[in-house]
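Everything on this sheet refers to the single structure shown next.
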Amino acid sequence: MRFGILSGALWGLDTVILAIAVVMVPFVTSSETSLVSALLHDTVSALILFVYMVARGRLHDTVRALKTRSGQAVVGAAILGGPVGMTGYLTAINHIGPGLTAIISTFYPAVGTLLAYIFLKERMYTHQLMALMVALGAVIAVGWSTQSAVEGSPIIGVIGALACVIGWGSEAAILAWGMRDDAVDNETALHIRQTTSATVYLLIVAPLAGVLPFTISAVPHLGTAVIALAALAGTASYLFYYQAIHVIGASRGMALNISYSAWAIIFALLLQGTVPTLLQSICCVIILVSTVLAATPRWRDLISRSENVQQM
């Protein structure tokens, strides 16, 4: 469970650092910021993982994994989670705003849980599903409280958000299947995922969207260095997220990962001085508690662990 909690905390940190980066030069004045920041984020993450795998002498493991069906499935998951899911997410933000986007995209664990149940025979008990619904409700409340007026196409925005839900939910289920193969562990899976995502962004998405010139011009700026810092936190988050999916399954891993909404509120307070409202503070606690309960098949185990800690 700790892997899932750490994945949520680090993704919340990643989110806040990215928010700081996009209001810096040159991103603050550009309409291409959302897509370019995602491209830079995943590209830097892929480079970090390349260095990491080389340093550990595991680059050959990635090459070997790519030759297996499981490794190739991870490539498909990467496209669904990265260019499809993230591009849909950013498109939705541009057209319907971050609040409504957060509300819709929050349901990716529901899609992933359903797919995991159908194809992977993963099971979540009724009390776990109820806890997940409570967590989703709290995330929706946070998203609703942060709505802002955005001029765009509601239809395109909703389609983008749905692409995000389907992409991220499908990614988790496919990854859980792929990592059942001993040749594909969480590190090789993530290396394949980020490398695939960055490659598709650079060779397909960016040229089609016409953002390569701005991307290149943005590289020497401090804002890009801050995005690189966010990518470092995001890479660590993904490593823990993939490990959680491998150890406890896609459904429970996703349930813990959505706690990033609460962690983002905490890190925004610590790093930006953004004081949350009373509603956001209450929802923050609800999200953290509910995600842990959703990932715990037997709630009595939490009581037993608590008692053991007190005895120590």
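Chain labels follow the order of the structure tokens: the first chain is A, the next B, and so on; residue numbering restarts at 1 in every chain, and ligands are counted from 1 in their shown order.
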
I'd like the contact shell of Gly273 (chain A) - 12 Å cut-off, only C-alpha atoms, skipping same-chain residues fewer than 5 positions apart - returned as a CSV table (one decimal) with N, CA and C atoms, in the first residue's frame.
```
chain,number,residue,atom,x,y,z
A,16,VAL,N,1.9,20.5,-8.5
A,16,VAL,CA,2.2,21.8,-8.0
A,16,VAL,C,3.4,22.4,-8.6
A,20,ILE,N,3.7,25.9,-11.0
A,20,ILE,CA,4.7,27.0,-10.8
A,20,ILE,C,5.4,27.2,-12.1
A,265,ILE,N,-3.2,19.8,-2.7
A,265,ILE,CA,-3.6,20.9,-1.8
A,265,ILE,C,-2.5,21.2,-0.8
A,266,ILE,N,-2.0,20.1,-0.2
A,266,ILE,CA,-1.0,20.2,0.8
A,266,ILE,C,0.3,20.8,0.3
A,267,PHE,N,0.8,20.4,-0.9
A,267,PHE,CA,2.0,21.0,-1.4
A,267,PHE,C,1.8,22.4,-1.9
A,268,ALA,N,0.6,22.7,-2.4
A,268,ALA,CA,0.3,24.1,-2.8
A,268,ALA,C,0.4,25.0,-1.6
```

Name the residues in contact with Ala110 (chain A) at a cut-off of 12 Å, using only C-alpha atoms, excluding same-chain residues fewer than 4 positions from it; report them as JSON, numbers by chain.
-> {"A": [104, 105, 106, 114, 115, 116, 117, 124, 129, 130, 132, 133, 135, 136, 165, 166, 168, 169, 170, 172, 173, 250, 251, 252, 253, 254, 255, 258, 294]}

Near-region 187-200 of chain A list (7 Å; only C-alpha atoms; drop same-chain fewer than 5 positions) as an MDAnalysis selection string | chainID A and resid 39 42:43 45:46 49 61:62 74:75 78:79 82:83 205 239

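Between CA of Leu278 (chain A) and CA of Ala262 (chain A) the separation is 13.2 Å.
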
Just asking: which residues within region 29-205 of chain A are helix (DSSP H, G or I) according to DSSP, as a PyMOL selection string?
-> chain A and resi 29+33-55+59-66+69-105+108-119+126-145+154-178+186-205

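Using only C-alpha atoms for every distance, the candidate list A:Gly160, A:Gly143, A:Gly71, A:Gly223 yields A:Gly71 as the residue closest to Leu175 (chain A).
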
At a cut-off of 8 Å, using only C-alpha atoms, what residues contact Val25 (chain A)? Leave out same-chain residues fewer than 3 positions from it and give the result as a compact mmCIF listing (two decimals) with C-alpha atoms, in the first residue's frame.
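Ended up saving to out13.txt:
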```txt
# COMPACT_ATOMS: atom_id res chain seq x y z
CA VAL A 22 3.67 27.30 -16.44
CA VAL A 28 3.02 32.24 -19.14
CA THR A 29 2.41 34.15 -22.38
CA HIS A 221 14.69 29.05 -19.94
CA LEU A 222 14.42 28.57 -16.18
CA GLY A 223 10.78 27.52 -16.59
```

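If only C-alpha atoms are the atoms counted, then among A:Ala21, A:Ala131, A:Ala55, A:Val111 the closest residue to His41 (chain A) is A:Ala21.
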
Determine, for each residue of region 35-77 of chain A having at least one atom at most 12 Å from an atom of region 211-214 of chain A, the closest pair of atoms and their separation in Å to one decimal, counting only C-alpha atoms; order by chain and ascending number, as JSON lines.
```
{"residue": "A:Leu35", "atom": "CA", "partner": "A:Val211", "partner_atom": "CA", "distance": 7.9}
{"residue": "A:Val36", "atom": "CA", "partner": "A:Val211", "partner_atom": "CA", "distance": 6.8}
{"residue": "A:Ser37", "atom": "CA", "partner": "A:Val211", "partner_atom": "CA", "distance": 10.6}
{"residue": "A:Ala38", "atom": "CA", "partner": "A:Val211", "partner_atom": "CA", "distance": 11.5}
{"residue": "A:Leu39", "atom": "CA", "partner": "A:Leu212", "partner_atom": "CA", "distance": 9.7}
{"residue": "A:Leu40", "atom": "CA", "partner": "A:Leu212", "partner_atom": "CA", "distance": 10.6}
```

Those residues with C-alpha atoms, as a tab-separated table (two decimals), in the first residue's frame please?
```
chain	number	residue	atom	x	y	z
A	35	LEU	CA	0.90	20.63	-24.73
A	36	VAL	CA	4.53	21.81	-24.64
A	37	SER	CA	4.80	21.31	-20.88
A	38	ALA	CA	3.45	17.75	-21.24
A	39	LEU	CA	5.92	17.07	-24.07
A	40	LEU	CA	8.87	18.43	-22.08
```
